[in-house]
Amino acid sequence: MDDIDFRAMVVTETAEKKFTREIKQRQINDLPDGDVLINVQYSSLNYKDALSASGNKGVTRKYPHTPGIDAAGVVSDSKSPDFKLGEQVLVTGYDLGMNTSGGYAEYIRVPAHWVVKLPQNLTLRESMVYGTAGFTAALSCFKLINSGVTPDKGPVLVTGATGGVGSIATAILAKSGYEVVAVNGIVDEAEYLLQLGAKEVINIADADDQSGRPLLKPRWAGAIDTVAGNLLSTAIKTTQYGGAVTCCGNVGSTELHSSIFPFILNGITLLGIDSVNCPVDMRMQVWNRVASDWKLEHLDKITTELPSLEALDERIELILAGKSRGRAIVKIP
Ligand SMILES: NC(=O)c1ccc[n+]([C@@H]2O[C@H](COP(=O)([O-])OP(=O)(O)OC[C@H]3O[C@@H](n4cnc5c(N)ncnc54)[C@H](OP(=O)(O)O)[C@@H]3O)[C@@H](O)[C@H]2O)c1
C-alpha cells in the first residue's frame with residue numbers, strides 16, 4: 001500500500017520566498033503516520049485553505065505542503081477498531097491541511113479521533129458543501145439554540161451573512177423557524193440572502209453603532225457574528241435581556257470592545273465557537289442535526305463544484321481577492 005502513487009496539490013516555497021502550487025504525484029509513505037488512511041472523494045475551500053495555499057505561515061509553518069482542511073472519503077486502511085475498510089467518513093478541523101497533509105489529495109492519513117463517520121442521510125459531497133464553514137455555522141446555531149434563544153423570542157442577527165459561515169447559519173435558522181436579519185456589506189446580495197430564508201437584509205451601517213453608548217434599544221433575541229470588531233460590540237449591546245451572541249470569526253477585526261453592562265444588566269451570554277478542536281460528542285450531535293432536521297434542500301444554490309484538483313488554483317485566488325460567495329467544493333476523481 002505504502003508505494004501507491006497518488007495525486008495531490010503541493011505548495012512549495014522557492015529560494016526567492018515565493019510560493020508555487022502544482023498538482024504532483026506523491027506516495028502513501030510520504031503521508032504522516034496515522035490510524036486511518038482515507039481515499040478522498042471531495043474536499044472544500046475555506047479562507048484558511050487559501051491562506052495555507054498561498055504561504056501564510058500563521059496557518060502552515062512548513063512547505064512543501066498539501067492544503068485542504070476538509071476531506072470526505074472512504075476508509076482504505078485502518079489500525080482503529082472504530083473504522084473499517086470501505087466505510088464513508090469525513091474529517092474537518094484539528095490539524096488537517098494546516099501542518100498535516102490535507103484534503104487536496106487523493107489520500108490523507110490521520111489519527112482515528114479526527115475521523116467522523118458520515119451521518120445517515122448525508123452524502124460525502126453534501127458533507128463537503130457544509131465543510132468547516134457549514135460545521136461552524138451549525139455549531140454556532142447549536143450553541144445559540146441551547147442557550148435558550150427560541151424563535152418566539154424575536155429576530156436573530158447574522159453578520160457576514162453572504163459568507164460560507166453566514167449563508168449556512170442564515171439558512172439553518174430560517175429552516176428552524178427563526179426570523180433572521182442578515183447583514184450584507186459591500187456587494188448587494190440582498191436577493192441571495194432572502195432566497196436563503198432571511199426575513200430582512202440590513203446594511204453594515206445599520207449594525208455598526210457609532211454612538212459609543214454601552215447599551216442600546218434591544219433589537220435581537222440573539223446574534224451569530226462572523227465579523228467581530230464593532231459589529232460584534234453592536235450586536236452585544238442591541239441584544240435583548242437574557243439573549244446570546246456567538247463569536248466565531250474575524251473577517252472585520254480581531255478586536256472586541258465592550259463594557260460589562262450588557263452582561264451584568266441584560267444577562268447576555270457571549271458564546272465562543274471553535275470548530276477545530278470541538279469535542280467529538282458535540283461534533284457528532286452537530287453533524288447529526290445537519291443530516292436531519294437542519295438538512296438544507298437547496299444547497300446547490302450556494303455551491304460551486306470544481307471538477308478537479310487543477311481547478312483549485314483559480315478559486316483560491318478568488319477567495320484571496322475577497323470575491324468568492326457561498327461554498328466551493330472540489331471533486332477528487
Ligand atoms: N471559529 C472557527 O472555528 C471558525 C471556523 C470557520 C471559519 N471561521 C472564521 O469565520 C469567519 C467567516 O468565515 P467565512 O468562511 O464565512 O468567510 P467568508 O466566506 O470570507 O465571508 C465573510 C463575509 O463577511 C463579510 N465581510 C467581509 N469583510 C467585512 C467587514 N469588514 N465588515 C463586515 N462584513 C464583512 C462579507 O460579506 P459582505 O460581502 O456582505 O460584506 C463576507 O461574505 C472568518 O473569519 C473565518 O476565519 C472560524
# chains A, B, ... in the order shown; residues from 1 in each chain; ligands from 1
$ select_by_dssp --residues "segment 37-229 of chain A" --states "strand (DSSP E or B)" --output "PyMOL selection string"
chain A and resi 37-45+65+70-78+88-92+96+100+105+107-110+116-117+156-158+180-184+200-203+220-225
$ write_last_selection --atoms "N, CA and C atoms" --output "compact mmCIF listing (two decimals), in the first residue's frame"
# COMPACT_ATOMS: atom_id res chain seq x y z
N LEU A 37 -6.28 5.57 6.95
CA LEU A 37 -5.95 6.06 5.61
C LEU A 37 -7.27 6.22 4.86
N ILE A 38 -7.47 7.42 4.30
CA ILE A 38 -8.76 7.71 3.65
C ILE A 38 -8.53 8.06 2.19
N ASN A 39 -9.29 7.41 1.31
CA ASN A 39 -9.29 7.75 -0.11
C ASN A 39 -10.28 8.91 -0.28
N VAL A 40 -9.75 10.11 -0.52
CA VAL A 40 -10.58 11.32 -0.51
C VAL A 40 -11.40 11.41 -1.79
N GLN A 41 -12.70 11.71 -1.64
CA GLN A 41 -13.58 11.88 -2.83
C GLN A 41 -13.94 13.36 -3.04
N TYR A 42 -14.10 14.08 -1.94
CA TYR A 42 -14.42 15.51 -2.02
C TYR A 42 -13.65 16.27 -0.94
N SER A 43 -13.31 17.52 -1.27
CA SER A 43 -12.80 18.44 -0.25
C SER A 43 -13.53 19.76 -0.46
N SER A 44 -13.21 20.76 0.33
CA SER A 44 -13.89 22.05 0.15
C SER A 44 -12.90 23.20 0.28
N LEU A 45 -13.37 24.41 -0.01
CA LEU A 45 -12.49 25.59 0.07
C LEU A 45 -12.96 26.53 1.15
N HIS A 65 3.84 21.53 1.12
CA HIS A 65 2.67 21.18 1.92
C HIS A 65 1.46 20.98 1.01
N ASP A 70 -10.61 20.24 4.97
CA ASP A 70 -11.78 19.35 4.98
C ASP A 70 -11.54 18.20 4.01
N ALA A 71 -12.03 17.03 4.37
CA ALA A 71 -11.96 15.89 3.44
C ALA A 71 -13.08 14.91 3.75
N ALA A 72 -13.64 14.33 2.68
CA ALA A 72 -14.65 13.28 2.85
C ALA A 72 -14.30 12.16 1.89
N GLY A 73 -14.36 10.92 2.37
CA GLY A 73 -13.99 9.81 1.50
C GLY A 73 -14.26 8.47 2.15
N VAL A 74 -13.47 7.48 1.69
CA VAL A 74 -13.73 6.09 2.07
C VAL A 74 -12.47 5.54 2.74
N VAL A 75 -12.66 4.79 3.83
CA VAL A 75 -11.51 4.23 4.56
C VAL A 75 -10.82 3.19 3.67
N SER A 76 -9.49 3.39 3.48
CA SER A 76 -8.70 2.48 2.65
C SER A 76 -7.86 1.53 3.49
N ASP A 77 -7.55 1.97 4.71
CA ASP A 77 -6.74 1.16 5.62
C ASP A 77 -6.99 1.71 7.02
N SER A 78 -7.04 0.81 8.01
CA SER A 78 -7.35 1.31 9.35
C SER A 78 -6.70 0.46 10.42
N GLN A 88 -17.65 5.12 4.89
CA GLN A 88 -17.62 6.52 4.44
C GLN A 88 -17.43 7.43 5.66
N VAL A 89 -16.46 8.32 5.56
CA VAL A 89 -16.09 9.15 6.71
C VAL A 89 -15.79 10.59 6.26
N LEU A 90 -15.70 11.48 7.24
CA LEU A 90 -15.28 12.85 6.93
C LEU A 90 -14.35 13.36 8.03
N VAL A 91 -13.52 14.31 7.66
CA VAL A 91 -12.61 14.94 8.63
C VAL A 91 -12.70 16.45 8.40
N THR A 92 -12.93 17.19 9.47
CA THR A 92 -12.82 18.67 9.41
C THR A 92 -12.06 19.09 10.66
N LEU A 96 -5.71 19.03 10.17
CA LEU A 96 -5.76 18.65 8.75
C LEU A 96 -5.56 19.88 7.86
N THR A 100 -0.62 19.23 8.79
CA THR A 100 -0.77 17.82 8.40
C THR A 100 -1.27 17.82 6.96
N ALA A 105 -5.94 16.16 -2.09
CA ALA A 105 -5.14 15.00 -2.46
C ALA A 105 -6.06 13.79 -2.53
N TYR A 107 -5.38 10.97 -1.16
CA TYR A 107 -5.32 10.27 0.13
C TYR A 107 -4.92 11.21 1.26
N ILE A 108 -5.48 10.95 2.46
CA ILE A 108 -4.97 11.55 3.70
C ILE A 108 -4.80 10.41 4.71
N ARG A 109 -3.91 10.62 5.70
CA ARG A 109 -3.80 9.64 6.79
C ARG A 109 -3.81 10.43 8.10
N VAL A 110 -4.74 10.08 8.99
CA VAL A 110 -4.99 10.91 10.19
C VAL A 110 -5.24 10.05 11.43
N VAL A 116 -14.87 11.29 11.59
CA VAL A 116 -16.30 11.23 11.92
C VAL A 116 -16.95 10.31 10.88
N LYS A 117 -17.76 9.35 11.37
CA LYS A 117 -18.50 8.51 10.42
C LYS A 117 -19.53 9.37 9.73
N VAL A 156 -33.17 37.08 15.02
CA VAL A 156 -31.75 36.77 15.27
C VAL A 156 -30.94 37.45 14.16
N LEU A 157 -29.88 38.13 14.57
CA LEU A 157 -29.00 38.83 13.63
C LEU A 157 -27.89 37.89 13.15
N VAL A 158 -27.57 37.92 11.84
CA VAL A 158 -26.40 37.18 11.34
C VAL A 158 -25.50 38.18 10.61
N VAL A 180 -34.70 35.72 10.62
CA VAL A 180 -33.28 36.08 10.50
C VAL A 180 -33.14 37.46 9.87
N VAL A 181 -32.35 38.32 10.50
CA VAL A 181 -31.99 39.60 9.90
C VAL A 181 -30.51 39.49 9.50
N ALA A 182 -30.26 39.58 8.20
CA ALA A 182 -28.91 39.33 7.68
C ALA A 182 -28.21 40.64 7.37
N VAL A 183 -26.95 40.73 7.77
CA VAL A 183 -26.17 41.93 7.45
C VAL A 183 -25.41 41.70 6.14
N ASN A 184 -25.63 42.58 5.19
CA ASN A 184 -24.97 42.49 3.88
C ASN A 184 -24.07 43.72 3.71
N GLU A 200 -35.18 39.75 6.56
CA GLU A 200 -34.83 41.14 6.29
C GLU A 200 -33.31 41.23 6.06
N VAL A 201 -32.91 42.14 5.18
CA VAL A 201 -31.48 42.35 4.96
C VAL A 201 -31.15 43.79 5.32
N ILE A 202 -30.15 43.99 6.17
CA ILE A 202 -29.76 45.36 6.54
C ILE A 202 -28.31 45.59 6.12
N ASN A 203 -27.93 46.86 6.00
CA ASN A 203 -26.54 47.10 5.61
C ASN A 203 -25.65 47.28 6.84
N TRP A 220 -32.53 42.32 19.08
CA TRP A 220 -32.38 40.90 18.70
C TRP A 220 -32.55 39.99 19.91
N ALA A 221 -33.11 38.79 19.64
CA ALA A 221 -33.14 37.76 20.68
C ALA A 221 -31.75 37.15 20.82
N GLY A 222 -31.00 37.19 19.71
CA GLY A 222 -29.64 36.63 19.72
C GLY A 222 -28.94 37.03 18.44
N ALA A 223 -27.66 36.69 18.35
CA ALA A 223 -26.91 37.04 17.14
C ALA A 223 -25.83 36.00 16.87
N ILE A 224 -25.57 35.80 15.56
CA ILE A 224 -24.45 34.96 15.13
C ILE A 224 -23.48 35.89 14.42
N ASP A 225 -22.32 36.05 15.00
CA ASP A 225 -21.37 37.01 14.45
C ASP A 225 -20.17 36.28 13.84
$ residues_around --residues "segment 236-253 of chain A" --least-positions-apart "4" --cutoff "6 Å" --atoms "only C-alpha atoms" --output "PyMOL selection string"
chain A and resi 215-229+262+266-273
$ residues_near_ligand --ligand "ligand 1" --cutoff "7 Å" --atoms "only C-alpha atoms and all ligand atoms" --output "number ranges by chain"
A: 46-48, 132-133, 136, 159-166, 183-187, 189, 204, 226-227, 248-252, 273-276, 322, 324-326
$ residues_around --residues "Val10 of chain A" --least-positions-apart "5" --cutoff "9 Å" --atoms "only C-alpha atoms" --output "list in words"
Thr20, Arg21, Glu22, Ile23, Lys24, Ala53, Tyr63, Pro64, His65, Thr66, Pro67, Tyr104 and Ala105 of chain A
$ closest_residue --among "A:Ala112, A:Leu232, A:Leu194, A:Leu139" --to "Cys278 of chain A" --atoms "only C-alpha atoms"
A:Leu139
$ select_by_dssp --residues "segment 73-227 of chain A" --states "alpha helix (DSSP H)" --output "number ranges by chain"
A: 124-146, 164-175, 190-196
$ residues_around --residues "segment 308-311 of chain A" --least-positions-apart "2" --cutoff "7 Å" --atoms "only C-alpha atoms" --output "list in words"
Met9, Ile23, Tyr104, Leu306, Asp313, Glu314, Val330, Lys331 and Ile332 of chain A
